[in-house]
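Heads up, the thing below is written out as structure tokens.
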Amino acid sequence: SHIALPGRYVVYMPTLEHTGVSRKIASDDERLRLKRILQAKRPGTVGGFITRTAAEGRTEDEIAGDMQFLYDLWQDIKTRADKRRAPMLLHHDLDIVQRILRDQLTDTFKAVWIDNEEMYENVVRFVERFQPSLTGKVKLYTREAPIFDAFNITSELEKALRPKVWLKSGGFIVINQTEALVAIDVNTGKYVGKTN
């Protein structure tokens with residue numbers, strides 16, 4: 001099996017000599033630019049990189065930094081493997097919160113609110129490591145009202161879990177789960193199509 005270490009903009013594969021670009025990036029110019037960056041900024045002599053969709057439009061320095069981080073991570077894993085006896089956990093992938101932050105957090109975010117002190121400290125440490133410029137956007141929520149109620153998340157979840165989901169077009173979807181199957185009925189509702 002081949003090892004793959006995902007980063008924010010690239011995936012590092014230390015056991016393969018492959019360079020690739022995400023298929024979701026449609027522009028030929030952008031694909032060529034990203035491929036050139038991967039070849040020019042390769043930190044070591046072994047392993048391959050694939051750019052993720054998030055790399056589209058990113059600067060050469062941002063992508064090179066991600067490549068260097070993953071290469072260094074692999075070197076740390078190899079060093080630990082040489083010093084310890086099997087069986088031994090050498091690397092643990094990011095937890096769900098860290099994966100979301102790695103993949104979704106950008107400078108367009110106003111704030112990241114966290115209502116748990118321990119998680120807040122973990123997130124601050126993580127953001128300091130991956131995106132130090134965004135550390136100031138991580139905030140600890142300390143008000144009395146539950147965080148989901150304060151940001152109307154509870155009502156949005158309730159809407160999403162209803163059997164009838166209204167669409168912007170005026171139509172709606174009805175979702176019914178039975179023992180044998182899940183039936184999804186798409187209705188046009190008030191929407192009757194556009195006319196000239």
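All residue names refer to the structure tokens as shown: chains lettered A, B, ... in order, residues numbered from 1 in each chain, ligands numbered from 1 in order.
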Selection: 12 Å around region 75-82 of chain A, only C-alpha atoms, excl. self and same-chain fewer than 2 positions, as a short mmCIF file (atom, residue, chain, number, x, y, z; two decimals) with N, CA, C and O atoms, in the first residue's frame:
```cif
data_model
loop_
_atom_site.label_atom_id
_atom_site.label_comp_id
_atom_site.auth_asym_id
_atom_site.auth_seq_id
_atom_site.Cartn_x
_atom_site.Cartn_y
_atom_site.Cartn_z
N ILE A 3 1.61 5.29 0.93
CA ILE A 3 1.32 6.28 1.96
C ILE A 3 0.99 7.60 1.28
O ILE A 3 1.65 8.01 0.33
N LEU A 5 0.12 11.64 2.50
CA LEU A 5 -0.01 12.62 3.58
C LEU A 5 -0.67 13.87 3.01
O LEU A 5 -0.05 14.60 2.24
N TYR A 12 1.26 14.60 -0.34
CA TYR A 12 2.61 14.06 -0.53
C TYR A 12 2.56 12.54 -0.47
O TYR A 12 1.97 11.97 0.44
N PRO A 14 5.24 9.72 -0.35
CA PRO A 14 6.68 9.46 -0.25
C PRO A 14 7.15 8.20 -0.97
O PRO A 14 8.34 8.06 -1.27
N PRO A 43 10.83 19.51 -2.44
CA PRO A 43 11.80 19.66 -1.36
C PRO A 43 12.86 18.56 -1.26
O PRO A 43 13.96 18.81 -0.81
N GLY A 44 12.56 17.34 -1.66
CA GLY A 44 13.52 16.25 -1.51
C GLY A 44 13.72 15.52 -2.81
O GLY A 44 13.21 15.91 -3.86
N VAL A 46 13.02 12.16 -3.13
CA VAL A 46 12.08 11.04 -3.26
C VAL A 46 10.65 11.50 -3.01
O VAL A 46 10.41 12.47 -2.30
N GLY A 47 9.73 10.78 -3.61
CA GLY A 47 8.32 11.05 -3.38
C GLY A 47 7.71 11.93 -4.45
O GLY A 47 8.41 12.57 -5.24
N GLN A 68 6.89 21.64 1.72
CA GLN A 68 8.00 21.51 2.67
C GLN A 68 7.50 20.95 4.00
O GLN A 68 8.14 20.09 4.60
N PHE A 69 6.34 21.42 4.47
CA PHE A 69 5.78 20.94 5.72
C PHE A 69 5.54 19.43 5.67
O PHE A 69 5.90 18.69 6.58
N LEU A 70 4.93 18.95 4.57
CA LEU A 70 4.63 17.52 4.44
C LEU A 70 5.90 16.69 4.31
O LEU A 70 5.99 15.59 4.85
N TYR A 71 6.88 17.22 3.60
CA TYR A 71 8.16 16.51 3.46
C TYR A 71 8.84 16.39 4.83
O TYR A 71 9.32 15.31 5.19
N ASP A 72 8.84 17.48 5.61
CA ASP A 72 9.42 17.44 6.95
C ASP A 72 8.67 16.48 7.86
O ASP A 72 9.27 15.77 8.67
N LEU A 73 7.34 16.46 7.73
CA LEU A 73 6.52 15.53 8.51
C LEU A 73 6.93 14.08 8.20
O LEU A 73 7.07 13.26 9.12
N ARG A 84 12.14 3.36 17.17
CA ARG A 84 11.21 2.59 17.99
C ARG A 84 10.98 1.20 17.41
O ARG A 84 11.16 0.97 16.23
N ARG A 85 10.53 0.32 18.30
CA ARG A 85 10.24 -1.06 17.87
C ARG A 85 8.77 -1.21 17.54
O ARG A 85 7.91 -0.60 18.15
N ALA A 86 8.50 -2.07 16.60
CA ALA A 86 7.11 -2.36 16.22
C ALA A 86 6.48 -3.27 17.26
O ALA A 86 7.19 -4.03 17.92
N PRO A 87 5.18 -3.25 17.47
CA PRO A 87 4.22 -2.32 16.87
C PRO A 87 4.23 -0.98 17.61
O PRO A 87 4.35 -0.94 18.83
N MET A 88 4.10 0.11 16.86
CA MET A 88 4.15 1.44 17.44
C MET A 88 3.42 2.42 16.51
O MET A 88 3.63 2.36 15.30
N LEU A 89 2.57 3.26 17.08
CA LEU A 89 1.91 4.30 16.29
C LEU A 89 2.93 5.39 15.99
O LEU A 89 3.48 6.00 16.90
N LEU A 90 3.19 5.62 14.70
CA LEU A 90 4.18 6.61 14.30
C LEU A 90 3.56 7.95 13.92
O LEU A 90 4.19 8.99 14.04
N HIS A 91 2.32 7.89 13.43
CA HIS A 91 1.67 9.12 12.99
C HIS A 91 0.16 8.96 13.14
O HIS A 91 -0.38 7.91 12.84
N HIS A 92 -0.48 10.01 13.60
CA HIS A 92 -1.93 10.02 13.71
C HIS A 92 -2.44 11.17 12.87
O HIS A 92 -1.99 12.31 13.03
N ASP A 93 -3.37 10.91 11.95
CA ASP A 93 -3.89 11.95 11.09
C ASP A 93 -4.66 12.98 11.91
O ASP A 93 -5.04 12.73 13.05
#
```
Skipping near chain neighbours, those fewer than 2 positions away, what residues fall within 8 Å of Glu56 (chain A) using only C-alpha atoms, listed as a list in words? Ile25, Glu30, Leu34, Arg52, Thr53, Ala54 and Arg58 of chain A
Now that the selection is made, can you save its residues with C-alpha atoms as a compact mmCIF listing (two decimals), in the first residue's frame?
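Output saved as result_7.txt:
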```
# COMPACT_ATOMS: atom_id res chain seq x y z
CA ILE A 25 -9.04 22.18 -11.88
CA GLU A 30 -3.60 26.81 -14.18
CA LEU A 34 0.68 24.11 -10.73
CA ARG A 52 -5.54 19.52 -4.37
CA THR A 53 -8.37 21.66 -5.74
CA ALA A 54 -7.65 24.23 -3.00
CA ARG A 58 -2.62 30.04 -4.68
```
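Residue neighbourhood of Trp113 (chain A), excluding near-sequence residues (fewer than 5 positions): Met119, Tyr120, Glu121, Val123, Val124, Thr135, Gly136, Lys137, Val138, Lys139, Leu140, Tyr141, Thr142, Arg143, Pro146, Ile147, Phe148, Ala150 and Phe151 of chain A, at 12 Å, using only C-alpha atoms.
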Just-selected residues, N, CA, C and O atoms written as a CSV table (one decimal), in the first residue's frame:
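Saved to out.csv:
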```
chain,number,residue,atom,x,y,z
A,119,MET,N,-10.6,22.8,23.6
A,119,MET,CA,-10.6,22.7,22.1
A,119,MET,C,-10.1,24.1,21.6
A,119,MET,O,-9.3,24.1,20.6
A,120,TYR,N,-10.4,25.2,22.2
A,120,TYR,CA,-9.9,26.5,21.8
A,120,TYR,C,-8.4,26.5,21.8
A,120,TYR,O,-7.8,27.0,20.8
A,121,GLU,N,-7.8,26.0,22.9
A,121,GLU,CA,-6.3,26.0,22.9
A,121,GLU,C,-5.7,25.1,21.9
A,121,GLU,O,-4.7,25.5,21.2
A,123,VAL,N,-7.1,24.4,18.9
A,123,VAL,CA,-7.3,25.1,17.6
A,123,VAL,C,-6.3,26.3,17.5
A,123,VAL,O,-5.7,26.4,16.4
A,124,VAL,N,-6.1,27.0,18.5
A,124,VAL,CA,-5.1,28.1,18.4
A,124,VAL,C,-3.7,27.6,18.1
A,124,VAL,O,-3.0,28.1,17.2
A,135,THR,N,-4.5,33.4,13.3
A,135,THR,CA,-4.7,33.1,14.7
A,135,THR,C,-5.6,34.0,15.4
A,135,THR,O,-6.4,33.6,16.3
A,136,GLY,N,-5.6,35.3,15.1
A,136,GLY,CA,-6.4,36.3,15.8
A,136,GLY,C,-7.9,36.1,15.5
A,136,GLY,O,-8.7,36.7,16.2
A,137,LYS,N,-8.2,35.4,14.5
A,137,LYS,CA,-9.7,35.1,14.2
A,137,LYS,C,-10.3,34.0,15.0
A,137,LYS,O,-11.5,33.8,15.0
A,138,VAL,N,-9.5,33.3,15.8
A,138,VAL,CA,-10.0,32.2,16.6
A,138,VAL,C,-10.4,32.8,18.0
A,138,VAL,O,-9.6,33.5,18.6
A,139,LYS,N,-11.7,32.7,18.3
A,139,LYS,CA,-12.3,33.3,19.5
A,139,LYS,C,-12.9,32.3,20.4
A,139,LYS,O,-13.5,31.3,19.9
A,140,LEU,N,-12.8,32.6,21.7
A,140,LEU,CA,-13.5,31.7,22.7
A,140,LEU,C,-14.8,32.3,23.0
A,140,LEU,O,-15.0,33.4,23.4
A,141,TYR,N,-15.9,31.4,22.9
A,141,TYR,CA,-17.3,31.8,23.1
A,141,TYR,C,-17.6,31.6,24.6
A,141,TYR,O,-17.5,30.4,25.1
A,142,THR,N,-17.9,32.6,25.3
A,142,THR,CA,-18.1,32.5,26.8
A,142,THR,C,-19.5,32.9,27.3
A,142,THR,O,-19.7,33.0,28.5
A,143,ARG,N,-20.4,33.3,26.4
A,143,ARG,CA,-21.7,33.8,26.8
A,143,ARG,C,-22.6,32.7,27.3
A,143,ARG,O,-22.3,31.5,27.2
A,146,PRO,N,-26.4,29.0,24.6
A,146,PRO,CA,-25.7,28.0,23.9
A,146,PRO,C,-25.2,28.5,22.5
A,146,PRO,O,-26.0,29.3,21.9
A,147,ILE,N,-24.0,28.2,22.1
A,147,ILE,CA,-23.4,28.7,20.9
A,147,ILE,C,-24.3,28.4,19.7
A,147,ILE,O,-24.4,29.3,18.8
A,148,PHE,N,-25.0,27.2,19.6
A,148,PHE,CA,-25.8,26.9,18.4
A,148,PHE,C,-27.0,27.8,18.4
A,148,PHE,O,-27.5,28.2,17.3
A,150,ALA,N,-27.1,30.9,19.7
A,150,ALA,CA,-26.6,32.3,19.4
A,150,ALA,C,-26.4,32.6,17.9
A,150,ALA,O,-26.6,33.7,17.4
A,151,PHE,N,-26.0,31.5,17.2
A,151,PHE,CA,-25.7,31.7,15.8
A,151,PHE,C,-26.7,31.0,14.9
A,151,PHE,O,-26.5,30.8,13.7
```
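Using only C-alpha atoms, the nearest neighbour of Arg125 (chain A) within the list A:Leu101, A:Ala145, A:Ala40, A:Ala160 is A:Leu101.
CA of Gln131 (chain A) sits 20.6 Å away from CA of Leu38 (chain A).
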Quick one: DSSP strand (DSSP E) residues in region 5-46 of chain A, as a PyMOL selection string? chain A and resi 5-6+10-13+19-21
Name the residues of region 34-87 of chain A that come out as helix (DSSP H, G or I) in a backbone DSSP run; write them as a count of residues only. 34
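Atom to atom, CA of Asp107 (chain A) and CA of Asp28 (chain A) stand 26.5 Å apart.
When only C-alpha atoms are used to measure the gap to Trp74 (chain A), the shortest distance among A:Val165, A:Leu32, A:Val174, A:Val11 belongs to A:Val11.
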